[in-house]
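Participant: Structure file input28.tsv (TSV, C-alpha atoms) is given on the next line.
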chain	number	residue	atom	x	y	z
A	1	MET	CA	0.00	0.00	0.00
A	2	ALA	CA	1.23	3.45	-0.90
A	3	ARG	CA	0.01	6.99	-0.51
A	4	MET	CA	-1.26	9.16	-3.34
A	5	ALA	CA	-1.65	12.91	-2.90
A	6	ILE	CA	-3.82	14.75	-5.41
A	7	MET	CA	-4.18	18.50	-5.75
A	8	LEU	CA	-7.35	19.48	-7.62
A	9	THR	CA	-7.62	23.08	-8.83
A	10	GLU	CA	-10.86	23.04	-10.80
A	11	GLY	CA	-14.49	23.16	-9.73
A	12	PRO	CA	-17.40	20.91	-10.68
A	13	TRP	CA	-19.33	21.04	-13.96
A	14	GLN	CA	-17.00	23.37	-15.87
A	15	THR	CA	-13.98	21.24	-16.68
A	16	GLU	CA	-13.40	17.52	-16.62
A	17	ASN	CA	-10.74	17.56	-13.91
A	18	TYR	CA	-13.13	16.76	-11.05
A	19	GLU	CA	-14.17	13.59	-12.92
A	20	ILE	CA	-10.56	12.56	-13.43
A	21	PHE	CA	-9.99	13.26	-9.75
A	22	ALA	CA	-12.93	11.08	-8.71
A	23	CYS	CA	-12.00	8.21	-11.06
A	24	LEU	CA	-8.31	8.20	-10.16
A	25	ALA	CA	-8.90	8.52	-6.41
A	26	GLU	CA	-11.50	5.74	-6.44
A	27	ALA	CA	-9.29	3.41	-8.47
A	28	ALA	CA	-6.40	4.02	-6.03
A	29	LEU	CA	-8.63	3.39	-2.99
A	30	ASP	CA	-10.01	0.22	-4.58
A	31	LYS	CA	-6.45	-1.04	-4.92
A	32	GLY	CA	-5.89	-0.48	-1.21
A	33	HIS	CA	-3.84	2.70	-1.46
A	34	GLU	CA	-4.27	5.75	0.74
A	35	VAL	CA	-5.55	8.90	-0.94
A	36	GLU	CA	-5.12	12.40	0.42
A	37	ALA	CA	-6.49	15.34	-1.54
A	38	PHE	CA	-6.05	19.07	-1.43
A	39	TRP	CA	-8.78	21.17	-3.04
A	40	TYR	CA	-7.32	24.44	-4.21
A	41	ILE	CA	-8.85	27.46	-6.02
A	42	ASP	CA	-12.30	26.60	-7.50
A	43	ALA	CA	-11.96	22.93	-6.50
A	44	VAL	CA	-13.47	23.89	-3.14
A	45	TYR	CA	-16.90	24.04	-4.82
A	46	ASN	CA	-16.82	20.26	-5.22
A	47	GLY	CA	-17.73	19.80	-1.57
A	48	ILE	CA	-20.97	21.78	-1.37
A	49	LYS	CA	-23.80	19.47	-0.35
A	50	HIS	CA	-26.69	21.38	-2.01
A	51	GLN	CA	-25.75	20.57	-5.62
A	52	LYS	CA	-28.74	19.91	-7.89
A	53	PHE	CA	-29.07	19.11	-11.58
A	54	PRO	CA	-32.22	18.65	-13.67
A	55	GLU	CA	-31.10	15.39	-15.25
A	56	ASP	CA	-30.33	12.15	-13.50
A	57	VAL	CA	-26.54	12.23	-13.63
A	58	PRO	CA	-24.11	11.59	-10.78
A	59	LEU	CA	-23.61	14.83	-8.89
A	60	PRO	CA	-19.97	15.77	-8.33
A	61	VAL	CA	-20.56	15.98	-4.60
A	62	GLU	CA	-22.02	12.45	-4.53
A	63	ARG	CA	-18.85	11.15	-6.12
A	64	MET	CA	-16.78	12.99	-3.50
A	65	LYS	CA	-18.95	11.54	-0.73
A	66	LYS	CA	-18.24	8.06	-2.04
A	67	LEU	CA	-14.49	8.72	-1.96
A	68	ILE	CA	-14.71	9.84	1.65
A	69	GLU	CA	-16.70	6.71	2.52
A	70	LYS	CA	-13.93	4.67	0.94
A	71	GLY	CA	-11.34	6.41	3.10
A	72	ALA	CA	-10.10	9.41	1.12
A	73	LYS	CA	-8.95	12.33	3.23
A	74	ILE	CA	-9.93	15.65	1.69
A	75	MET	CA	-8.70	19.07	2.74
A	76	ALA	CA	-10.01	22.32	1.22
A	77	CYS	CA	-7.87	25.47	1.10
A	78	GLY	CA	-9.31	27.83	3.72
A	79	ILE	CA	-8.35	31.03	1.92
A	80	CYS	CA	-10.03	29.73	-1.26
A	81	VAL	CA	-13.12	28.69	0.74
A	82	ASN	CA	-13.60	32.04	2.45
A	83	ALA	CA	-12.72	34.03	-0.67
A	84	ARG	CA	-15.68	32.37	-2.38
A	85	GLY	CA	-18.09	33.14	0.44
A	86	LEU	CA	-18.28	29.53	1.56
A	87	GLU	CA	-17.92	30.54	5.21
A	88	LYS	CA	-15.35	28.05	6.48
A	89	GLY	CA	-17.05	25.30	4.50
A	90	LYS	CA	-20.22	25.20	6.57
A	91	GLU	CA	-22.17	23.81	3.58
A	92	PHE	CA	-19.63	21.07	2.86
A	93	ILE	CA	-20.44	17.39	3.13
A	94	ASP	CA	-19.06	15.64	6.20
A	95	GLY	CA	-15.46	14.61	5.87
A	96	VAL	CA	-14.17	17.60	3.92
A	97	ARG	CA	-11.91	19.54	6.24
A	98	VAL	CA	-10.82	23.13	5.80
A	99	GLY	CA	-7.14	23.85	6.23
A	100	GLY	CA	-4.24	25.79	4.84
A	101	LEU	CA	-1.19	25.45	2.68
A	102	PRO	CA	0.83	23.95	5.56
A	103	ASP	CA	-1.56	21.01	5.23
A	104	LEU	CA	-0.63	20.76	1.55
A	105	ALA	CA	3.01	20.86	2.61
A	106	ASP	CA	2.50	17.95	5.02
A	107	MET	CA	0.56	16.06	2.36
A	108	VAL	CA	3.51	16.53	-0.01
A	109	SER	CA	5.96	15.33	2.66
A	110	ASP	CA	3.98	12.16	3.33
A	111	ALA	CA	3.12	11.21	-0.26
A	112	ASP	CA	4.65	8.53	-2.47
A	113	VAL	CA	3.21	10.09	-5.59
A	114	PHE	CA	1.79	13.57	-6.27
A	115	ILE	CA	-0.78	14.26	-8.96
A	116	SER	CA	-1.95	17.76	-9.85
A	117	LEU	CA	-5.20	18.17	-11.74
B	1	MET	CA	9.17	9.64	-16.37
B	2	LEU	CA	5.44	9.21	-16.87
B	3	TYR	CA	4.01	12.31	-18.55
B	4	LEU	CA	0.33	12.93	-17.84
B	5	CYS	CA	-0.81	15.10	-20.73
B	6	GLY	CA	-4.16	16.83	-20.70
B	7	ASP	CA	-5.55	19.68	-22.75
B	8	LYS	CA	-3.84	21.96	-25.26
B	9	THR	CA	-2.64	24.46	-22.64
B	10	LEU	CA	-0.46	22.03	-20.74
B	11	GLY	CA	-0.37	18.78	-22.70
B	12	PRO	CA	1.96	19.94	-25.51
B	13	VAL	CA	4.51	21.14	-22.94
B	14	GLY	CA	4.51	17.66	-21.44
B	15	LEU	CA	4.99	16.10	-24.86
B	16	GLN	CA	8.04	18.32	-25.47
B	17	TYR	CA	9.70	16.95	-22.33
B	18	ALA	CA	8.66	13.42	-23.22
B	19	GLN	CA	10.51	13.82	-26.55
B	20	MET	CA	13.68	14.66	-24.60
B	21	ASP	CA	13.33	11.68	-22.25
B	22	PRO	CA	14.66	8.33	-23.52
B	23	ASP	CA	12.55	6.50	-20.91
B	24	ALA	CA	9.37	8.51	-21.39
B	25	LYS	CA	5.92	7.04	-21.08
B	26	VAL	CA	3.00	9.27	-22.03
B	27	VAL	CA	-0.59	9.13	-20.77
B	28	LEU	CA	-3.19	11.02	-22.82
B	29	ILE	CA	-6.03	12.06	-20.56
B	30	LYS	CA	-9.21	14.15	-21.15
B	31	ASP	CA	-8.58	16.44	-24.20
B	32	GLY	CA	-5.05	15.06	-24.28
B	33	VAL	CA	-6.41	12.35	-26.58
B	34	TYR	CA	-6.63	15.04	-29.28
B	35	LEU	CA	-2.93	16.00	-29.00
B	36	ASP	CA	-0.55	15.65	-31.92
B	37	ILE	CA	1.58	12.67	-30.88
B	38	GLU	CA	3.64	12.33	-34.05
B	39	GLY	CA	6.76	13.55	-32.22
B	40	VAL	CA	6.50	10.91	-29.49
B	41	GLN	CA	5.62	7.86	-31.57
B	42	ASP	CA	8.84	6.17	-30.42
B	43	LYS	CA	7.64	6.40	-26.78
B	44	LYS	CA	5.20	4.18	-24.93
B	45	ILE	CA	1.85	5.94	-25.21
B	46	TYR	CA	-1.28	5.21	-23.21
B	47	ALA	CA	-4.72	6.79	-23.44
B	48	ILE	CA	-7.56	6.61	-20.91
B	49	ASP	CA	-10.42	4.44	-22.17
B	50	GLU	CA	-13.32	6.65	-21.04
B	51	ASP	CA	-11.73	9.73	-22.58
B	52	VAL	CA	-11.03	7.96	-25.86
B	53	ASP	CA	-14.46	6.33	-26.13
B	54	ARG	CA	-16.64	9.33	-25.36
B	55	ARG	CA	-14.71	11.39	-27.92
B	56	GLY	CA	-14.99	8.73	-30.61
B	57	MET	CA	-11.21	8.61	-30.93
B	58	ALA	CA	-10.60	4.85	-30.70
B	59	ASP	CA	-10.09	4.38	-34.45
B	60	ARG	CA	-7.80	7.39	-34.71
B	61	LEU	CA	-5.57	6.13	-31.88
B	62	GLU	CA	-5.51	2.50	-32.97
B	63	GLY	CA	-1.95	1.23	-33.15
B	64	LYS	CA	-0.65	4.48	-31.69
B	65	ALA	CA	-1.70	4.23	-28.03
B	66	ASP	CA	-2.51	1.47	-25.57
B	67	ILE	CA	-5.98	2.06	-24.17
B	68	ILE	CA	-6.02	1.70	-20.39
B	69	GLY	CA	-8.43	2.20	-17.51
B	70	TYR	CA	-7.93	4.02	-14.22
B	71	ALA	CA	-6.86	0.84	-12.41
B	72	GLU	CA	-3.89	0.58	-14.77
B	73	LEU	CA	-3.20	4.30	-14.46
B	74	VAL	CA	-2.93	3.89	-10.68
B	75	ASP	CA	-0.26	1.22	-11.14
B	76	LEU	CA	1.61	3.39	-13.64
B	77	VAL	CA	1.73	6.46	-11.39
B	78	PHE	CA	3.13	4.43	-8.51
B	79	GLU	CA	5.66	2.62	-10.70
B	80	ASN	CA	7.01	5.76	-12.40
B	81	LYS	CA	8.00	9.27	-11.49
B	82	VAL	CA	5.12	11.50	-12.63
B	83	ALA	CA	5.25	14.77	-14.59
B	84	ASN	CA	1.89	16.59	-14.35
B	85	PHE	CA	0.56	18.46	-17.38
B	86	VAL	CA	-3.20	18.03	-16.93
C	1	MET	CA	8.38	10.55	4.97
C	2	GLY	CA	10.42	13.74	4.96
C	3	GLU	CA	11.50	16.72	2.99
C	4	LYS	CA	10.65	16.85	-0.70
C	5	LYS	CA	11.85	18.98	-3.59
C	6	VAL	CA	8.87	20.40	-5.43
C	7	LEU	CA	8.84	22.04	-8.85
C	8	ILE	CA	6.11	24.65	-9.29
C	9	ASN	CA	5.47	24.72	-13.01
C	10	ILE	CA	3.65	27.89	-14.13
C	11	CYS	CA	2.47	27.56	-17.73
C	12	ARG	CA	-0.45	30.00	-17.88
C	13	ALA	CA	-0.12	33.71	-18.51
C	14	PRO	CA	-0.99	36.39	-16.01
C	15	PHE	CA	-3.62	37.80	-15.41
C	16	GLY	CA	-6.46	36.15	-17.29
C	17	THR	CA	-6.73	33.35	-14.74
C	18	VAL	CA	-5.57	33.06	-11.13
C	19	PHE	CA	-3.28	30.12	-11.79
C	20	TYR	CA	-0.07	32.20	-11.87
C	21	THR	CA	-0.67	33.73	-8.43
C	22	GLU	CA	-2.03	30.55	-6.84
C	23	GLY	CA	1.04	28.74	-8.15
C	24	LEU	CA	3.26	31.37	-6.57
C	25	ARG	CA	1.33	30.99	-3.30
C	26	ALA	CA	1.63	27.21	-3.44
C	27	ALA	CA	5.41	27.57	-3.81
C	28	VAL	CA	5.51	29.35	-0.46
C	29	GLY	CA	2.94	26.96	0.99
C	30	VAL	CA	4.76	23.71	0.28
C	31	SER	CA	7.70	24.97	2.32
C	32	ALA	CA	5.44	25.74	5.31
C	33	GLY	CA	5.09	22.25	6.75
C	34	ILE	CA	7.09	20.44	9.39
C	35	ASP	CA	9.54	19.12	6.81
C	36	GLU	CA	10.13	22.45	5.00
C	37	ASN	CA	9.93	21.07	1.47
C	38	ILE	CA	12.09	22.92	-1.03
C	39	PRO	CA	10.25	24.66	-3.90
C	40	THR	CA	11.63	25.78	-7.25
C	41	VAL	CA	9.50	27.98	-9.51
C	42	LEU	CA	9.63	27.37	-13.25
C	43	PHE	CA	7.95	29.71	-15.74
C	44	GLN	CA	7.38	28.28	-19.18
C	45	SER	CA	4.96	28.38	-22.10
C	46	ASP	CA	2.76	31.50	-21.68
C	47	GLY	CA	3.75	31.60	-18.00
C	48	VAL	CA	6.98	33.32	-19.12
C	49	TYR	CA	5.08	36.60	-19.48
C	50	TYR	CA	5.10	36.89	-15.68
C	51	CYS	CA	8.89	37.37	-15.84
C	52	LEU	CA	8.72	40.74	-17.63
C	53	LYS	CA	10.28	43.42	-15.42
C	54	ASN	CA	7.29	45.75	-15.67
C	55	VAL	CA	4.71	43.14	-14.69
C	56	ASP	CA	2.55	44.10	-11.71
C	57	ARG	CA	3.61	41.92	-8.76
C	58	THR	CA	1.42	43.68	-6.19
C	59	ASP	CA	-0.62	40.57	-5.36
C	60	ALA	CA	2.48	38.44	-4.90
C	61	LEU	CA	4.92	40.73	-3.06
C	62	ALA	CA	4.79	38.66	0.13
C	63	TYR	CA	5.58	35.50	-1.83
C	64	PHE	CA	8.60	37.11	-3.47
C	65	GLN	CA	9.87	38.20	-0.07
C	66	SER	CA	9.56	34.58	1.08
C	67	TYR	CA	11.44	33.33	-1.99
C	68	LYS	CA	14.22	35.78	-1.16
C	69	ASP	CA	14.34	34.63	2.45
C	70	MET	CA	14.32	30.95	1.45
C	71	GLY	CA	16.67	31.33	-1.52
C	72	THR	CA	14.04	29.90	-3.87
C	73	ALA	CA	15.18	29.66	-7.50
C	74	LEU	CA	12.91	31.41	-10.03
C	75	CYS	CA	13.63	30.08	-13.50
C	76	VAL	CA	12.32	30.76	-17.00
C	77	VAL	CA	12.82	28.64	-20.11
C	78	LYS	CA	14.91	30.41	-22.77
C	79	GLU	CA	13.33	28.62	-25.73
C	80	ASP	CA	9.86	29.76	-24.60
C	81	LEU	CA	11.12	33.36	-24.32
C	82	ASP	CA	12.62	33.13	-27.80
C	83	GLU	CA	9.40	31.76	-29.25
C	84	ARG	CA	7.60	34.86	-27.95
C	85	GLY	CA	10.30	37.32	-29.02
C	86	ILE	CA	11.20	38.23	-25.43
C	87	SER	CA	14.84	39.16	-24.79
C	88	GLU	CA	16.65	38.77	-21.47
C	89	VAL	CA	16.95	42.56	-20.96
C	90	GLU	CA	13.16	42.70	-20.68
C	91	LEU	CA	13.14	40.39	-17.63
C	92	ALA	CA	13.09	41.15	-13.91
C	93	ASP	CA	16.45	40.87	-12.14
C	94	ASP	CA	15.50	37.99	-9.85
C	95	ILE	CA	14.66	35.62	-12.71
C	96	THR	CA	17.23	33.11	-13.98
C	97	VAL	CA	17.08	32.11	-17.65
C	98	ILE	CA	17.67	28.39	-18.20
C	99	SER	CA	17.59	26.14	-21.23
C	100	LYS	CA	14.81	23.67	-21.96
C	101	GLU	CA	17.36	20.92	-21.32
C	102	LYS	CA	18.02	22.34	-17.85
C	103	ALA	CA	14.26	22.59	-17.23
C	104	PHE	CA	13.98	18.93	-18.21
C	105	GLU	CA	16.62	18.15	-15.59
C	106	LEU	CA	14.59	20.07	-13.00
C	107	PHE	CA	11.68	17.69	-13.59
C	108	GLN	CA	14.04	14.75	-13.01
C	109	GLU	CA	15.72	16.25	-9.94
C	110	ASN	CA	12.58	17.31	-8.09
C	111	ASP	CA	10.54	14.71	-6.23
C	112	PHE	CA	7.19	16.17	-7.30
C	113	ASN	CA	5.85	18.80	-9.66
C	114	MET	CA	2.64	20.84	-9.74
C	115	ASP	CA	1.25	22.49	-12.87
C	116	PHE	CA	-0.48	25.88	-12.86
In structure tokens, how does this file's structure come out?

Facilitator:
Amino acid sequence: MARMAIMLTEGPWQTENYEIFACLAEAALDKGHEVEAFWYIDAVYNGIKHQKFPEDVPLPVERMKKLIEKGAKIMACGICVNARGLEKGKEFIDGVRVGGLPDLADMVSDADVFISL
Amino acid sequence: MLYLCGDKTLGPVGLQYAQMDPDAKVVLIKDGVYLDIEGVQDKKIYAIDEDVDRRGMADRLEGKADIIGYAELVDLVFENKVANFV
Amino acid sequence: MGEKKVLINICRAPFGTVFYTEGLRAAVGVSAGIDENIPTVLFQSDGVYYCLKNVDRTDALAYFQSYKDMGTALCVVKEDLDERGISEVELADDITVISKEKAFELFQENDFNMDF
């Protein structure tokens, strides 16, 4: 078992990176690896629990919830969260923590591989 | 190194480094499957199945790239040093 | 696991997106943990435009002070300058011009890299 750190910098719905993030993280977890993620810039929007969409497609936040259930540790950049009016992440799903760049630094220190998306 | 190459902003930069690297492996991901890979045909090239299929690119990449899923990508990123261009 | 060398790879131009400044912030950030990882900043592709001496650095002044304090290398790829018709006299004093070959070596030497 090894540890994968992933930094995601894009939000849901606009670019494909959140889907790559979800697929890669899930595949790593399914293989028994540890996954730690840092949500930076617009990526913090992935954790908001009130997402809705008119068609029956998997919501980004549901995919993130599944990752957390499988053991992924997710940290959102606090400056990015507050800058977007997300008030310390009070509307985030359970399991998404709000932190700072020192958390990214520790994630980097502890990782075997680092992916940036 | 393993070069993860995404869209046209970052992907071509990754391909330039891959050309310089005798041991390069390239992974085409999301819009990376549209990249011009003529210059790296002597390298091992992979493309992500979902990204290839939804874009209808399977025929165009036949014989040029090995189509892989995320489970294989996970193994590749742990087995190789990764250069991120996604 | 311990200290890592991290290459911050800035490919996007200022100021149309925030990637340049968030990349610069991340370079300071990765050094802020217990292990004090060592960042190097590499400007390439359209990211090289940030190296012009008259570029407005107001939103990144604190980061540049940190780079100075930490001795962080700020590098730009010569071939990408040439492609855009930018000469070295147009660049800020704290930027080091390196070849694409040297930039390639930076990817090999650093443990991890992050693209912005």

Participant: Taking all atoms listed in the file into account, which residues of chain A are within 10 Å of chain B, as a CSV table (one decimal) with C-alpha atoms, keeping the file's coordinate frame?

Facilitator:
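Writing the result to part11.csv gives the following:
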chain,number,residue,atom,x,y,z
A,2,ALA,CA,1.2,3.4,-0.9
A,3,ARG,CA,0.0,7.0,-0.5
A,4,MET,CA,-1.3,9.2,-3.3
A,15,THR,CA,-14.0,21.2,-16.7
A,16,GLU,CA,-13.4,17.5,-16.6
A,17,ASN,CA,-10.7,17.6,-13.9
A,19,GLU,CA,-14.2,13.6,-12.9
A,20,ILE,CA,-10.6,12.6,-13.4
A,23,CYS,CA,-12.0,8.2,-11.1
A,24,LEU,CA,-8.3,8.2,-10.2
A,25,ALA,CA,-8.9,8.5,-6.4
A,26,GLU,CA,-11.5,5.7,-6.4
A,27,ALA,CA,-9.3,3.4,-8.5
A,28,ALA,CA,-6.4,4.0,-6.0
A,29,LEU,CA,-8.6,3.4,-3.0
A,30,ASP,CA,-10.0,0.2,-4.6
A,31,LYS,CA,-6.4,-1.0,-4.9
A,33,HIS,CA,-3.8,2.7,-1.5
A,112,ASP,CA,4.6,8.5,-2.5
A,113,VAL,CA,3.2,10.1,-5.6
A,114,PHE,CA,1.8,13.6,-6.3
A,115,ILE,CA,-0.8,14.3,-9.0
A,116,SER,CA,-2.0,17.8,-9.8
A,117,LEU,CA,-5.2,18.2,-11.7

Participant: Taking all atoms listed in the file into account and nothing else, which residues of chain C lie no more than 10 Å away from chain B? Please answer as a list in words.

Facilitator: Leu7, Asn9, Ile10, Cys11, Arg12, Gln44, Ser45, Asp46, Lys100, Glu101, Ala103, Phe104, Glu105, Phe107, Gln108, Asn110, Asp111, Phe112, Asn113, Met114, Asp115 and Phe116 of chain C

Participant: Just give me the gap between atom CA of Thr17 of chain C and atom CA of Phe21 of chain A in Å, one decimal is fine.

Facilitator: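 Between atom CA of Thr17 of chain C and atom CA of Phe21 of chain A the gap is 21.0 Å.
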
Participant: Please report, as CSV, each residue of chain A lying at most 12 Å from chain C, together with the nearest pair of atoms and the separation in Å rounded to one decimal; use all atoms listed in the file, and order rows by chain and ascending residue number.

Facilitator:
residue,atom,partner,partner_atom,distance
A:Ala2,CA,C:Met1,CA,11.7
A:Arg3,CA,C:Met1,CA,10.6
A:Met4,CA,C:Phe112,CA,11.7
A:Ala5,CA,C:Phe112,CA,10.4
A:Ile6,CA,C:Met114,CA,9.9
A:Met7,CA,C:Met114,CA,8.2
A:Leu8,CA,C:Met114,CA,10.3
A:Thr9,CA,C:Phe116,CA,8.7
A:Glu10,CA,C:Phe19,CA,10.4
A:Phe38,CA,C:Ala26,CA,11.4
A:Tyr40,CA,C:Glu22,CA,8.5
A:Ile41,CA,C:Glu22,CA,7.5
A:Asp42,CA,C:Val18,CA,10.0
A:Cys77,CA,C:Ala26,CA,10.7
A:Ile79,CA,C:Glu22,CA,10.8
A:Cys80,CA,C:Glu22,CA,9.8
A:Gly99,CA,C:Gly29,CA,11.8
A:Gly100,CA,C:Gly29,CA,8.2
A:Leu101,CA,C:Gly29,CA,4.7
A:Pro102,CA,C:Gly33,CA,4.7
A:Asp103,CA,C:Gly33,CA,6.9
A:Leu104,CA,C:Val30,CA,6.3
A:Ala105,CA,C:Val30,CA,4.1
A:Asp106,CA,C:Gly33,CA,5.3
A:Met107,CA,C:Gly33,CA,8.8
A:Val108,CA,C:Lys4,CA,7.2
A:Ser109,CA,C:Gly2,CA,5.3
A:Asp110,CA,C:Met1,CA,5.0
A:Ala111,CA,C:Met1,CA,7.4
A:Asp112,CA,C:Met1,CA,8.6
A:Val113,CA,C:Phe112,CA,7.5
A:Phe114,CA,C:Phe112,CA,6.1
A:Ile115,CA,C:Met114,CA,7.5
A:Ser116,CA,C:Met114,CA,5.5
A:Leu117,CA,C:Asp115,CA,7.8

Participant: Go ahead and dump the residues you just picked, C-alpha atoms, as a PDB file, in the frame of the given file.

Facilitator:
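Output below, filename part_4.pdb:
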ATOM      1  CA  ALA A   2       1.230   3.450  -0.900  1.00  0.00           C
ATOM      2  CA  ARG A   3       0.010   6.990  -0.510  1.00  0.00           C
ATOM      3  CA  MET A   4      -1.260   9.160  -3.340  1.00  0.00           C
ATOM      4  CA  ALA A   5      -1.650  12.910  -2.900  1.00  0.00           C
ATOM      5  CA  ILE A   6      -3.820  14.750  -5.410  1.00  0.00           C
ATOM      6  CA  MET A   7      -4.180  18.500  -5.750  1.00  0.00           C
ATOM      7  CA  LEU A   8      -7.350  19.480  -7.620  1.00  0.00           C
ATOM      8  CA  THR A   9      -7.620  23.080  -8.830  1.00  0.00           C
ATOM      9  CA  GLU A  10     -10.860  23.040 -10.800  1.00  0.00           C
ATOM     10  CA  PHE A  38      -6.050  19.070  -1.430  1.00  0.00           C
ATOM     11  CA  TYR A  40      -7.320  24.440  -4.210  1.00  0.00           C
ATOM     12  CA  ILE A  41      -8.850  27.460  -6.020  1.00  0.00           C
ATOM     13  CA  ASP A  42     -12.300  26.600  -7.500  1.00  0.00           C
ATOM     14  CA  CYS A  77      -7.870  25.470   1.100  1.00  0.00           C
ATOM     15  CA  ILE A  79      -8.350  31.030   1.920  1.00  0.00           C
ATOM     16  CA  CYS A  80     -10.030  29.730  -1.260  1.00  0.00           C
ATOM     17  CA  GLY A  99      -7.140  23.850   6.230  1.00  0.00           C
ATOM     18  CA  GLY A 100      -4.240  25.790   4.840  1.00  0.00           C
ATOM     19  CA  LEU A 101      -1.190  25.450   2.680  1.00  0.00           C
ATOM     20  CA  PRO A 102       0.830  23.950   5.560  1.00  0.00           C
ATOM     21  CA  ASP A 103      -1.560  21.010   5.230  1.00  0.00           C
ATOM     22  CA  LEU A 104      -0.630  20.760   1.550  1.00  0.00           C
ATOM     23  CA  ALA A 105       3.010  20.860   2.610  1.00  0.00           C
ATOM     24  CA  ASP A 106       2.500  17.950   5.020  1.00  0.00           C
ATOM     25  CA  MET A 107       0.560  16.060   2.360  1.00  0.00           C
ATOM     26  CA  VAL A 108       3.510  16.530  -0.010  1.00  0.00           C
ATOM     27  CA  SER A 109       5.960  15.330   2.660  1.00  0.00           C
ATOM     28  CA  ASP A 110       3.980  12.160   3.330  1.00  0.00           C
ATOM     29  CA  ALA A 111       3.120  11.210  -0.260  1.00  0.00           C
ATOM     30  CA  ASP A 112       4.650   8.530  -2.470  1.00  0.00           C
ATOM     31  CA  VAL A 113       3.210  10.090  -5.590  1.00  0.00           C
ATOM     32  CA  PHE A 114       1.790  13.570  -6.270  1.00  0.00           C
ATOM     33  CA  ILE A 115      -0.780  14.260  -8.960  1.00  0.00           C
ATOM     34  CA  SER A 116      -1.950  17.760  -9.850  1.00  0.00           C
ATOM     35  CA  LEU A 117      -5.200  18.170 -11.740  1.00  0.00           C
TER      36      LEU A 117
END

Participant: Write out as a count of residues only each polymer residue whose atoms come within 8 Å of Asp59 of chain C, counting all atoms listed in the file; drop sequence neighbours fewer than 3 positions from it.

Facilitator: 3

Participant: Using all atoms listed in the file, which of C:Ile86, C:Ile8, C:Cys51, C:Leu24 sits nearest Tyr63 of chain C?

Facilitator: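 Between C:Ile86, C:Ile8, C:Cys51, C:Leu24, the residue approaching Tyr63 of chain C most closely is C:Leu24.
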
Participant: So what do you get for atom CA of Gly71 of chain A versus atom CA of Val35 of chain A, distance-wise?

Facilitator: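 According to the coordinates, atom CA of Gly71 of chain A and atom CA of Val35 of chain A are separated by 7.5 Å.
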
Participant: Listed atoms of segment 99-104 of chain A, axis-aligned box, 4 Å per side: centre and edge lengths to one decimal in Å, as AutoDock Vina command-line options?

Facilitator:
--center_x -3.2 --center_y 23.3 --center_z 3.9 --size_x 16.0 --size_y 13.0 --size_z 12.7

Participant: Between atom CA of Leu91 of chain C and atom CA of Asp7 of chain B, what distance in Å does the model show, to one decimal?

Facilitator: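 Those two atoms sit 28.4 Å apart.
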